[in-house]
file coords00.txt (compact mmCIF, C-alpha atoms and all ligand atoms)
# COMPACT_ATOMS: atom_id res chain seq x y z
CA MET M 1 17.47 -0.01 -19.11
CA LYS M 2 16.78 -3.70 -18.58
CA LEU M 3 14.21 -4.43 -15.92
CA ASN M 4 13.44 -7.80 -14.46
CA ILE M 5 10.09 -7.66 -12.67
CA ALA M 6 8.45 -10.43 -10.64
CA LEU M 7 4.75 -10.52 -11.38
CA LEU M 8 2.52 -11.80 -8.61
CA ALA M 9 -1.07 -11.53 -9.76
CA GLY M 10 -2.57 -13.37 -6.77
CA ASP M 11 -6.29 -13.79 -6.23
CA GLY M 12 -9.65 -12.28 -7.07
CA ILE M 13 -9.31 -9.19 -9.25
CA GLY M 14 -5.50 -9.39 -8.89
CA PRO M 15 -4.85 -10.95 -12.32
CA GLU M 16 -7.17 -8.48 -14.09
CA VAL M 17 -5.68 -5.34 -12.59
CA ILE M 18 -2.13 -6.66 -12.98
CA ASP M 19 -2.74 -7.22 -16.71
CA GLN M 20 -3.49 -3.53 -17.14
CA ALA M 21 -0.39 -2.46 -15.21
CA VAL M 22 1.66 -4.71 -17.49
CA LYS M 23 0.10 -3.19 -20.62
CA VAL M 24 0.85 0.30 -19.37
CA SER M 25 4.40 -0.56 -18.27
CA ASP M 26 5.12 -2.20 -21.61
CA ALA M 27 3.91 0.92 -23.40
CA ILE M 28 6.21 2.99 -21.20
CA ALA M 29 9.12 0.65 -21.94
CA LYS M 30 8.49 1.03 -25.64
CA LYS M 31 8.31 4.81 -25.48
CA PHE M 32 11.41 5.22 -23.30
CA ASN M 33 13.47 2.37 -24.75
CA HIS M 34 13.52 -0.01 -21.82
CA GLU M 35 13.28 -3.74 -21.86
CA ILE M 36 11.04 -5.32 -19.24
CA SER M 37 11.05 -9.02 -18.63
CA TRP M 38 8.14 -10.19 -16.48
CA THR M 39 8.47 -13.35 -14.42
CA PRO M 40 5.11 -14.57 -13.16
CA ALA M 41 4.97 -16.49 -9.88
CA LEU M 42 2.23 -18.01 -7.74
CA THR M 43 0.91 -16.55 -4.54
CA GLY M 44 -2.22 -16.54 -2.35
CA ALA M 45 -5.15 -18.91 -2.78
CA ALA M 46 -3.96 -19.59 -6.31
CA ALA M 47 -0.68 -20.93 -4.87
CA ILE M 48 -2.46 -22.91 -2.15
CA ASP M 49 -4.51 -24.63 -4.83
CA ALA M 50 -1.49 -25.35 -6.99
CA VAL M 51 1.19 -26.31 -4.47
CA GLY M 52 -0.41 -26.23 -0.99
CA GLU M 53 1.14 -23.01 0.35
CA PRO M 54 0.50 -19.32 -0.26
CA TYR M 55 4.12 -18.15 -0.70
CA PRO M 56 6.13 -21.04 -2.12
CA ASP M 57 9.95 -20.97 -2.00
CA LYS M 58 10.01 -20.84 -5.75
CA THR M 59 8.01 -17.60 -5.66
CA HIS M 60 10.38 -16.20 -3.06
CA ASP M 61 13.35 -16.98 -5.30
CA VAL M 62 11.70 -15.18 -8.21
CA CYS M 63 11.05 -12.12 -6.02
CA ALA M 64 14.45 -12.08 -4.35
CA ASN M 65 16.17 -12.15 -7.75
CA ALA M 66 14.01 -9.49 -9.39
CA ASP M 67 14.62 -5.74 -9.61
CA ALA M 68 11.11 -5.21 -8.22
CA VAL M 69 7.90 -7.06 -7.49
CA LEU M 70 4.54 -6.01 -8.87
CA PHE M 71 1.74 -7.48 -6.85
CA GLY M 72 -2.03 -7.71 -7.39
CA ALA M 73 -4.11 -8.87 -4.44
CA ILE M 74 -4.51 -11.76 -2.08
CA GLY M 75 -7.49 -13.41 -0.37
CA HIS M 76 -10.40 -15.69 -1.09
CA PRO M 77 -13.86 -15.85 0.56
CA ARG M 78 -13.54 -19.61 0.87
CA PHE M 79 -11.01 -18.98 3.64
CA ASP M 80 -12.69 -15.92 5.17
CA ASN M 81 -15.70 -18.01 6.09
CA ASP M 82 -13.65 -20.84 7.51
CA PRO M 83 -11.95 -19.73 10.74
CA SER M 84 -10.48 -23.20 11.17
CA ALA M 85 -8.50 -23.11 7.91
CA LYS M 86 -4.88 -24.01 8.66
CA VAL M 87 -3.40 -22.33 5.62
CA ARG M 88 -4.70 -18.93 4.55
CA PRO M 89 -3.85 -16.85 1.48
CA GLU M 90 -3.04 -13.79 3.62
CA GLN M 91 -0.24 -15.74 5.31
CA GLY M 92 1.47 -15.66 1.93
CA LEU M 93 1.50 -11.88 1.88
CA LEU M 94 2.78 -11.68 5.45
CA LYS M 95 5.50 -14.25 4.78
CA MET M 96 6.52 -12.42 1.64
CA ARG M 97 6.78 -9.07 3.47
CA GLN M 98 8.83 -10.69 6.19
CA LYS M 99 11.12 -12.78 3.99
CA LEU M 100 11.81 -9.86 1.65
CA GLY M 101 12.43 -7.54 4.62
CA LEU M 102 9.75 -5.06 3.53
CA PHE M 103 9.41 -3.24 6.82
CA ALA M 104 8.03 0.05 5.51
CA ASN M 105 4.82 0.41 3.58
CA VAL M 106 4.46 3.74 1.82
CA ARG M 107 0.79 4.62 1.27
CA PRO M 108 0.20 8.05 -0.23
CA THR M 109 -3.17 9.78 -0.17
CA PHE M 110 -3.85 12.50 -2.69
CA THR M 111 -6.76 13.83 -4.67
CA PHE M 112 -7.37 13.89 -8.40
CA PRO M 113 -8.68 17.25 -9.67
CA SER M 114 -11.43 15.60 -11.74
CA LEU M 115 -12.60 13.38 -8.90
CA ILE M 116 -12.89 15.79 -6.00
CA ASP M 117 -16.67 15.69 -6.12
CA LYS M 118 -16.71 11.87 -6.14
CA SER M 119 -15.50 11.83 -2.57
CA PRO M 120 -18.23 11.75 0.05
CA LEU M 121 -16.23 14.44 1.83
CA LYS M 122 -16.64 18.13 1.07
CA ARG M 123 -14.42 19.73 -1.56
CA ASP M 124 -12.92 22.40 0.70
CA ARG M 125 -11.88 19.75 3.21
CA ILE M 126 -10.00 17.51 0.82
CA GLU M 127 -8.84 19.53 -2.18
CA GLY M 128 -5.04 19.61 -2.13
CA THR M 129 -4.63 16.72 0.31
CA ASP M 130 -1.15 15.26 -0.02
CA LEU M 131 -0.08 12.98 2.75
CA ILE M 132 1.80 9.74 3.21
CA ILE M 133 1.02 7.08 5.73
CA LEU M 134 4.18 5.16 6.44
CA ARG M 135 2.98 1.91 7.92
CA GLU M 136 5.29 -0.48 9.77
CA LEU M 137 4.88 -3.77 7.93
CA THR M 138 6.82 -6.63 9.47
CA GLY M 139 6.13 -6.30 13.18
CA GLY M 140 3.46 -5.50 15.71
CA VAL M 141 0.33 -7.50 16.34
CA TYR M 142 0.52 -9.05 12.86
CA PHE M 143 3.65 -10.94 13.85
CA GLY M 144 3.55 -11.12 17.66
CA GLU M 145 2.94 -14.20 19.71
CA ARG M 146 -0.58 -15.55 19.28
CA GLY M 147 -2.59 -18.53 20.25
CA ARG M 148 -5.41 -20.08 22.19
CA LYS M 149 -5.69 -21.30 25.74
CA ASP M 150 -8.40 -22.54 28.11
CA ASN M 151 -9.46 -25.23 25.66
CA GLY M 152 -9.69 -22.70 22.91
CA ASP M 153 -11.98 -20.34 24.81
CA THR M 154 -9.32 -17.64 25.16
CA ALA M 155 -7.44 -16.20 22.19
CA PHE M 156 -4.55 -13.75 22.18
CA ASP M 157 -2.46 -11.76 19.72
CA THR M 158 0.41 -9.68 21.06
CA MET M 159 1.61 -6.33 19.84
CA THR M 160 5.37 -6.53 20.20
CA TYR M 161 7.85 -3.93 18.95
CA GLN M 162 11.59 -3.73 19.27
CA ARG M 163 13.33 -0.37 19.41
CA PHE M 164 15.26 -0.98 16.19
CA GLU M 165 12.04 -1.71 14.31
CA VAL M 166 10.54 1.60 15.36
CA GLU M 167 13.77 3.47 14.76
CA ARG M 168 14.33 2.29 11.18
CA LEU M 169 10.75 3.14 10.25
CA ALA M 170 10.89 6.51 11.99
CA ARG M 171 14.12 7.41 10.18
CA LYS M 172 12.43 6.71 6.88
CA GLY M 173 9.58 8.93 7.99
CA PHE M 174 11.94 11.78 8.94
CA GLU M 175 13.82 11.49 5.62
CA MET M 176 10.57 11.52 3.71
CA ALA M 177 9.26 14.51 5.63
CA LEU M 178 12.46 16.44 4.87
CA LYS M 179 11.77 16.05 1.15
CA ARG M 180 8.12 17.08 1.53
CA GLY M 181 6.23 19.26 3.96
CA LYS M 182 8.70 18.74 6.85
CA LYS M 183 6.02 17.50 9.21
CA LEU M 184 5.98 14.12 10.90
CA CYS M 185 3.15 12.76 13.01
CA CYS M 186 3.69 9.68 15.14
CA VAL M 187 0.34 7.96 15.51
CA ASP M 188 -0.04 5.54 18.39
CA LYS M 189 -2.04 4.66 21.47
CA ALA M 190 0.56 5.61 24.05
CA ASN M 191 -2.09 6.43 26.64
CA VAL M 192 -2.83 2.70 26.87
CA LEU M 193 -0.25 0.52 25.13
CA GLU M 194 3.31 -0.11 26.30
CA ALA M 195 4.40 -0.83 22.72
CA SER M 196 3.16 2.66 21.77
CA ARG M 197 5.16 4.20 24.59
CA LEU M 198 8.26 2.60 23.10
CA TRP M 199 7.29 4.19 19.76
CA ARG M 200 7.03 7.63 21.34
CA GLU M 201 10.25 7.29 23.27
CA THR M 202 12.12 6.17 20.16
CA VAL M 203 10.77 8.92 17.94
CA GLN M 204 11.41 11.56 20.61
CA ALA M 205 15.03 10.45 20.83
CA LEU M 206 15.43 10.99 17.07
CA GLU M 207 13.92 14.48 17.02
CA LYS M 208 17.21 16.27 17.66
CA GLU M 209 18.80 14.62 14.63
CA TYR M 210 16.14 16.16 12.40
CA PRO M 211 15.73 19.72 13.69
CA ASP M 212 14.04 20.83 10.46
CA VAL M 213 11.14 18.42 10.90
CA GLU M 214 8.21 19.47 13.02
CA VAL M 215 7.12 16.41 15.00
CA SER M 216 3.75 15.76 16.59
CA TYR M 217 2.30 12.83 18.51
CA GLU M 218 -1.35 11.90 18.24
CA PHE M 219 -3.52 9.04 19.39
CA VAL M 220 -4.84 6.76 16.70
CA ASP M 221 -8.49 7.15 17.67
CA ALA M 222 -8.25 10.92 17.33
CA VAL M 223 -6.41 10.59 14.03
CA ALA M 224 -9.18 8.33 12.69
CA MET M 225 -11.40 11.37 13.10
CA ARG M 226 -9.04 14.18 12.06
CA LEU M 227 -7.83 12.34 8.98
CA ILE M 228 -11.16 12.79 7.27
CA GLN M 229 -12.06 16.01 9.05
CA TRP M 230 -8.93 17.90 8.01
CA PRO M 231 -6.52 15.70 6.00
CA LYS M 232 -4.52 18.74 4.91
CA GLY M 233 -3.18 18.92 8.46
CA TYR M 234 -0.95 15.90 7.79
CA ASP M 235 2.24 15.42 5.81
CA VAL M 236 3.96 12.17 6.84
CA ILE M 237 2.33 9.85 9.36
CA ILE M 238 4.29 6.99 10.87
CA THR M 239 2.38 4.25 12.59
CA ALA M 240 2.27 0.61 13.62
CA ASN M 241 1.21 -2.22 11.35
CA LEU M 242 -2.43 -2.61 12.40
CA PHE M 243 -3.10 1.11 12.88
CA GLY M 244 -1.68 1.77 9.41
CA ASP M 245 -3.81 -0.96 7.88
CA ILE M 246 -6.95 0.65 9.24
CA LEU M 247 -6.05 4.29 8.62
CA THR M 248 -5.05 3.71 4.99
CA ASP M 249 -8.40 2.17 4.08
CA GLU M 250 -10.03 5.15 5.72
CA ALA M 251 -7.77 7.60 3.92
CA SER M 252 -8.64 6.11 0.52
CA VAL M 253 -12.12 7.64 0.87
CA ILE M 254 -10.50 11.06 0.48
CA SER M 255 -9.38 10.28 -3.07
CA GLY M 256 -12.81 9.03 -4.13
CA SER M 257 -12.31 5.29 -4.53
CA MET M 258 -10.30 2.48 -2.99
CA GLY M 259 -9.46 1.51 -6.52
CA LEU M 260 -7.13 4.47 -6.88
CA MET M 261 -4.48 4.34 -4.19
CA PRO M 262 -1.10 2.72 -4.87
CA SER M 263 1.58 1.65 -2.43
CA SER M 264 5.16 0.56 -2.21
CA SER M 265 6.75 -1.68 0.38
CA VAL M 266 10.43 -1.13 0.94
CA GLY M 267 13.14 -2.17 3.31
CA SER M 268 15.92 -4.23 1.85
CA GLU M 269 17.16 -5.02 -1.65
CA VAL M 270 13.97 -5.52 -3.58
CA SER M 271 10.82 -3.44 -3.25
CA LEU M 272 7.22 -4.42 -3.84
CA TYR M 273 4.45 -2.40 -5.46
CA GLU M 274 0.80 -3.11 -4.88
CA PRO M 275 -2.61 -1.43 -4.79
CA ILE M 276 -3.90 -0.86 -1.27
CA HIS M 277 -7.21 -2.54 -2.11
CA GLY M 278 -7.85 -6.22 -1.63
CA SER M 279 -8.91 -9.07 -3.91
CA TYR M 280 -12.55 -7.87 -4.20
CA PRO M 281 -13.88 -11.39 -4.91
CA GLN M 282 -17.36 -10.17 -5.87
CA ALA M 283 -15.86 -8.55 -8.94
CA ALA M 284 -13.35 -11.25 -9.87
CA GLY M 285 -13.48 -12.33 -13.50
CA LYS M 286 -16.04 -9.66 -14.43
CA ASP M 287 -13.63 -7.18 -15.98
CA ILE M 288 -15.11 -4.34 -13.89
CA ALA M 289 -12.46 -3.63 -11.24
CA ASN M 290 -10.64 -0.32 -11.27
CA PRO M 291 -7.04 -0.96 -12.45
CA LEU M 292 -5.72 2.51 -11.59
CA ALA M 293 -4.33 1.72 -8.13
CA THR M 294 -2.19 -1.00 -9.69
CA VAL M 295 -1.21 1.15 -12.64
CA LEU M 296 -0.19 3.93 -10.22
CA SER M 297 1.75 1.36 -8.20
CA ALA M 298 3.73 0.66 -11.38
CA ALA M 299 4.39 4.42 -11.53
CA MET M 300 5.82 4.29 -8.00
CA MET M 301 8.01 1.41 -9.18
CA PHE M 302 9.47 3.46 -12.05
CA GLU M 303 9.95 6.43 -9.74
CA ASP M 304 11.95 4.34 -7.26
CA MET M 305 14.15 3.09 -10.10
CA ASN M 306 15.03 6.71 -10.78
CA LEU M 307 12.86 6.78 -13.86
CA ALA M 308 10.93 9.87 -12.88
CA GLU M 309 9.86 10.85 -16.38
CA GLU M 310 8.38 7.42 -16.96
CA ALA M 311 6.50 7.61 -13.67
CA GLN M 312 5.15 11.03 -14.55
CA ALA M 313 4.01 9.80 -17.96
CA ILE M 314 1.89 7.16 -16.21
CA ARG M 315 0.40 9.67 -13.80
CA ASP M 316 -0.36 12.03 -16.67
CA VAL M 317 -2.19 9.42 -18.69
CA VAL M 318 -4.14 8.32 -15.62
CA ASN M 319 -5.20 11.92 -15.02
CA LYS M 320 -6.18 12.19 -18.65
CA SER M 321 -8.36 9.07 -18.45
CA LEU M 322 -10.09 10.45 -15.35
CA ALA M 323 -10.63 13.84 -16.94
CA GLU M 324 -12.06 12.26 -20.10
CA GLY M 325 -14.27 9.85 -18.19
CA VAL M 326 -12.54 6.67 -19.34
CA VAL M 327 -13.27 5.01 -16.01
CA THR M 328 -14.59 1.80 -14.51
CA GLU M 329 -18.02 1.58 -12.92
CA ASP M 330 -16.90 2.64 -9.42
CA LEU M 331 -16.22 6.10 -10.85
CA ALA M 332 -18.70 6.20 -13.75
CA ASP M 333 -21.44 7.91 -11.74
CA GLY M 334 -24.23 7.26 -14.23
CA GLY M 335 -21.98 7.86 -17.24
CA LYS M 336 -20.42 5.18 -19.40
CA ALA M 337 -18.59 2.50 -17.41
CA TYR M 338 -15.55 1.11 -19.18
CA LYS M 339 -14.27 -2.41 -18.60
CA THR M 340 -11.04 -2.97 -16.69
CA SER M 341 -9.34 -4.15 -19.88
CA GLU M 342 -10.68 -1.20 -21.89
CA VAL M 343 -9.22 1.26 -19.41
CA GLY M 344 -5.88 -0.56 -19.66
CA ASP M 345 -5.98 -0.51 -23.46
CA TRP M 346 -6.84 3.18 -23.48
CA LEU M 347 -4.03 4.06 -21.10
CA ALA M 348 -1.47 2.08 -23.08
CA ALA M 349 -2.64 3.60 -26.37
CA ASN M 350 -2.42 7.13 -24.94
CA ILE M 351 1.12 6.89 -23.62
C1 LIG Z 1 -3.34 -4.75 3.20
C2 LIG Z 1 -4.22 -5.94 3.42
C3 LIG Z 1 -3.41 -7.01 4.13
C4 LIG Z 1 -2.96 -6.46 5.47
C5 LIG Z 1 -4.13 -8.36 4.32
C6 LIG Z 1 -4.66 -8.89 3.01
C7 LIG Z 1 -3.26 -9.36 5.00
O1 LIG Z 1 -5.36 -5.59 4.11
O2 LIG Z 1 -2.32 -4.88 2.51
O3 LIG Z 1 -3.66 -3.68 3.71
O4 LIG Z 1 -3.74 -6.48 6.44
O5 LIG Z 1 -1.84 -6.01 5.56
MN MN Z 2 -5.56 -3.47 4.51
call {"tool": "encode", "arguments": {"input": "coords00.txt", "output": "structure tokens", "more": "lines below"}}
Ligand code: IPM
Ligand code: MN
result
Amino acid sequence: MKLNIALLAGDGIGPEVIDQAVKVSDAIAKKFNHEISWTPALTGAAAIDAVGEPYPDKTHDVCANADAVLFGAIGHPRFDNDPSAKVRPEQGLLKMRQKLGLFANVRPTFTFPSLIDKSPLKRDRIEGTDLIILRELTGGVYFGERGRKDNGDTAFDTMTYQRFEVERLARKGFEMALKRGKKLCCVDKANVLEASRLWRETVQALEKEYPDVEVSYEFVDAVAMRLIQWPKGYDVIITANLFGDILTDEASVISGSMGLMPSSSVGSEVSLYEPIHGSYPQAAGKDIANPLATVLSAAMMFEDMNLAEEAQAIRDVVNKSLAEGVVTEDLADGGKAYKTSEVGDWLAANI
């Protein structure tokens, strides 16, 4: 198979972790007789520096014409500490999600047998966790009306949802649940927010179309607690953009490191694959960041292209590296810490 992949390394540790995902994917291509052509394109702070905007049209063209997009990370401390910055790297990511129509962000949480004791949570609580947080990605407070008034002394961001936005996400959630544990939990704040009441109403109306799925409704504050108290209680969670952003960082603790969890963003023609972690600027250029979340994102990419064996081969080699302790410093725990590039080389060599 011929694959044309847009490669958006982005900022911070993005380029380093992306390099390892490319090595691994190329090794997979070689083993399974595929041909991957990678088309790099600029995004984030790197794009602002080069052309003045974080998601240039040229980058959009590359993405829109690719079979898939593999993405590293976005963000730079220079902008975080400057609230008055007019252009921000993160705007690039938001624009990309919107322009590519990526309304659903699939963020799985699972455990790795050899890492269970790396989690700060107790083994019996987390062992066997297998859940998906399906985060709405192109609406809500991230995209609602915002601004300042009263000479800048009042600021507002609005959480706006339209019924069709909730419905298309919820349908994906129902379909996913049908193929898994047949449980769907709608996570919202319907006791306070009108937008959440629209979520509930919309999901309730769909229930009868999916009689085999057991549906529950929970408030996001309670889920923030239950998610780490008893993660095995969840199968598929659907939730709004901001709630999903927060809950998925929290859920990554279950697996042992933020450097492990992959994601896919889907919606229209082309899908995007990215680690859930950010640009981790403190580690940029040091060759110490954990590349596994990005490597596992590449596995999700193969899976979605109906290349299940290829995806499994990546997951197997990742498990092997964890079991044999070929890990970066976040997981080394006093043992030998391998460099980002060494982990990538090892994975590619062992495929
Ligand atoms: C994520 C990130 C982004 C988000 C930022 C970088 C805009 O935190 O993908 O979770 O909030 O969506
Ligand atoms: Mn986030």
call {"tool": "atom_distance", "arguments": {"input": "coords00.txt", "atom1": "CA of Met261 in chain M", "atom2": "CA of Asp80 in chain M"}}
result
23.8 Å
call {"tool": "closest_residue", "arguments": {"input": "coords00.txt", "among": "M:Glu194, M:Glu90, M:Asp249, M:Asp330", "to": "ligand MN 2 (chain Z)", "atoms": "only C-alpha atoms and all ligand atoms"}}
result
M:Asp249
call {"tool": "axis_aligned_box", "arguments": {"input": "coords00.txt", "around": "ligand LIG 1 (chain Z)", "padding_each_side": "3 Å", "output": "JSON"}}
result
{"center_x": -3.6, "center_y": -6.5, "center_z": 4.5, "size_x": 9.5, "size_y": 11.7, "size_z": 9.9}
call {"tool": "residues_near_point", "arguments": {"input": "coords00.txt", "point": "(6.9, 0.1, 4.1)", "cutoff": "9 Å", "atoms": "all atoms listed in the file", "output": "PDB file with C-alpha atoms, in the coordinates of the input"}}
result
ATOM      1  CA  LEU M 102       9.750  -5.060   3.530  1.00  0.00           C
ATOM      2  CA  PHE M 103       9.410  -3.240   6.820  1.00  0.00           C
ATOM      3  CA  ALA M 104       8.030   0.050   5.510  1.00  0.00           C
ATOM      4  CA  ASN M 105       4.820   0.410   3.580  1.00  0.00           C
ATOM      5  CA  VAL M 106       4.460   3.740   1.820  1.00  0.00           C
ATOM      6  CA  ARG M 107       0.790   4.620   1.270  1.00  0.00           C
ATOM      7  CA  LEU M 134       4.180   5.160   6.440  1.00  0.00           C
ATOM      8  CA  ARG M 135       2.980   1.910   7.920  1.00  0.00           C
ATOM      9  CA  GLU M 136       5.290  -0.480   9.770  1.00  0.00           C
ATOM     10  CA  LEU M 137       4.880  -3.770   7.930  1.00  0.00           C
ATOM     11  CA  THR M 138       6.820  -6.630   9.470  1.00  0.00           C
ATOM     12  CA  LEU M 169      10.750   3.140  10.250  1.00  0.00           C
ATOM     13  CA  SER M 263       1.580   1.650  -2.430  1.00  0.00           C
ATOM     14  CA  SER M 264       5.160   0.560  -2.210  1.00  0.00           C
ATOM     15  CA  SER M 265       6.750  -1.680   0.380  1.00  0.00           C
ATOM     16  CA  VAL M 266      10.430  -1.130   0.940  1.00  0.00           C
ATOM     17  CA  GLY M 267      13.140  -2.170   3.310  1.00  0.00           C
TER      18      GLY M 267
END
call {"tool": "residues_near_ligand", "arguments": {"input": "coords00.txt", "ligand": "ligand LIG 1 (chain Z)", "cutoff": "10 Å", "atoms": "all atoms listed in the file", "output": "ChimeraX atom specification"}}
result
/M:44,73-76,88-94,97,105,107,135-138,142,241-249,263,265,274-279
call {"tool": "closest_residue", "arguments": {"input": "coords00.txt", "among": "M:Ala337, M:Met301, M:Leu331, M:Glu250", "to": "ligand MN 2 (chain Z)", "atoms": "only C-alpha atoms and all ligand atoms"}}
result
M:Glu250
call {"tool": "residues_around", "arguments": {"input": "coords00.txt", "residues": "range 288-295 of chain M", "least_positions_apart": "3", "cutoff": "7 Å", "atoms": "all atoms listed in the file", "output": "VMD selection string"}}
result
chain M and resid 13 17 to 18 20 to 21 259 to 262 274 to 275 283 298 to 299 328 to 329 339 to 340
call {"tool": "atom_distance", "arguments": {"input": "coords00.txt", "atom1": "CA of Val213 in chain M", "atom2": "CA of Asp188 in chain M"}}
result
18.6 Å
call {"tool": "atom_distance", "arguments": {"input": "coords00.txt", "atom1": "CA of Leu307 in chain M", "atom2": "CA of Asn4 in chain M"}}
result
14.6 Å
call {"tool": "closest_residue", "arguments": {"input": "coords00.txt", "among": "M:Leu42, M:Val215, M:Ala323, M:Val22", "to": "Val236 in chain M", "atoms": "all atoms listed in the file"}}
result
M:Val215
call {"tool": "closest_residue", "arguments": {"input": "coords00.txt", "among": "M:Val317, M:Leu8, M:Cys186, M:Ala240", "to": "Ala47 in chain M", "atoms": "all atoms listed in the file"}}
result
M:Leu8
call {"tool": "residues_around", "arguments": {"input": "coords00.txt", "residues": "Thr160 in chain M", "least_positions_apart": "3", "cutoff": "8 Å", "atoms": "only C-alpha atoms", "output": "list in words"}}
result
Gly139, Gly140, Val141, Phe143, Gly144 and Ala195 of chain M
call {"tool": "decode", "arguments": {"input": "coords00.txt", "residues": "range 217-255 of chain M", "atoms": "C-alpha atoms", "output": "PDB file, in the first residue's frame"}}
result
ATOM      1  CA  TYR M 217     -25.072  10.448  32.755  1.00  0.00           C
ATOM      2  CA  GLU M 218     -22.573  11.816  35.241  1.00  0.00           C
ATOM      3  CA  PHE M 219     -21.372  15.230  36.282  1.00  0.00           C
ATOM      4  CA  VAL M 220     -17.830  16.108  35.336  1.00  0.00           C
ATOM      5  CA  ASP M 221     -16.725  16.957  38.870  1.00  0.00           C
ATOM      6  CA  ALA M 222     -17.811  13.541  40.105  1.00  0.00           C
ATOM      7  CA  VAL M 223     -16.138  11.848  37.150  1.00  0.00           C
ATOM      8  CA  ALA M 224     -12.870  13.645  37.942  1.00  0.00           C
ATOM      9  CA  MET M 225     -12.959  11.692  41.184  1.00  0.00           C
ATOM     10  CA  ARG M 226     -14.349   8.346  40.004  1.00  0.00           C
ATOM     11  CA  LEU M 227     -12.023   8.164  37.020  1.00  0.00           C
ATOM     12  CA  ILE M 228      -9.027   7.584  39.251  1.00  0.00           C
ATOM     13  CA  GLN M 229     -10.961   5.895  42.037  1.00  0.00           C
ATOM     14  CA  TRP M 230     -12.471   3.171  39.848  1.00  0.00           C
ATOM     15  CA  PRO M 231     -11.501   3.592  36.163  1.00  0.00           C
ATOM     16  CA  LYS M 232     -12.731   0.090  35.356  1.00  0.00           C
ATOM     17  CA  GLY M 233     -16.262   1.415  35.755  1.00  0.00           C
ATOM     18  CA  TYR M 234     -15.985   3.222  32.413  1.00  0.00           C
ATOM     19  CA  ASP M 235     -16.029   2.040  28.813  1.00  0.00           C
ATOM     20  CA  VAL M 236     -16.714   4.976  26.465  1.00  0.00           C
ATOM     21  CA  ILE M 237     -17.036   8.497  27.838  1.00  0.00           C
ATOM     22  CA  ILE M 238     -18.341  11.289  25.645  1.00  0.00           C
ATOM     23  CA  THR M 239     -17.753  14.824  26.751  1.00  0.00           C
ATOM     24  CA  ALA M 240     -17.320  18.451  25.739  1.00  0.00           C
ATOM     25  CA  ASN M 241     -14.073  19.946  24.528  1.00  0.00           C
ATOM     26  CA  LEU M 242     -12.783  21.502  27.759  1.00  0.00           C
ATOM     27  CA  PHE M 243     -13.993  18.701  30.039  1.00  0.00           C
ATOM     28  CA  GLY M 244     -12.288  16.167  27.773  1.00  0.00           C
ATOM     29  CA  ASP M 245      -9.060  18.144  27.761  1.00  0.00           C
ATOM     30  CA  ILE M 246      -8.923  18.057  31.544  1.00  0.00           C
ATOM     31  CA  LEU M 247     -10.110  14.487  32.077  1.00  0.00           C
ATOM     32  CA  THR M 248      -7.653  13.005  29.574  1.00  0.00           C
ATOM     33  CA  ASP M 249      -4.628  14.521  31.301  1.00  0.00           C
ATOM     34  CA  GLU M 250      -5.972  13.106  34.526  1.00  0.00           C
ATOM     35  CA  ALA M 251      -6.601   9.700  32.980  1.00  0.00           C
ATOM     36  CA  SER M 252      -3.018   9.471  31.716  1.00  0.00           C
ATOM     37  CA  VAL M 253      -1.888   9.013  35.330  1.00  0.00           C
ATOM     38  CA  ILE M 254      -3.566   5.604  35.278  1.00  0.00           C
ATOM     39  CA  SER M 255      -1.173   4.315  32.625  1.00  0.00           C
TER      40      SER M 255
END
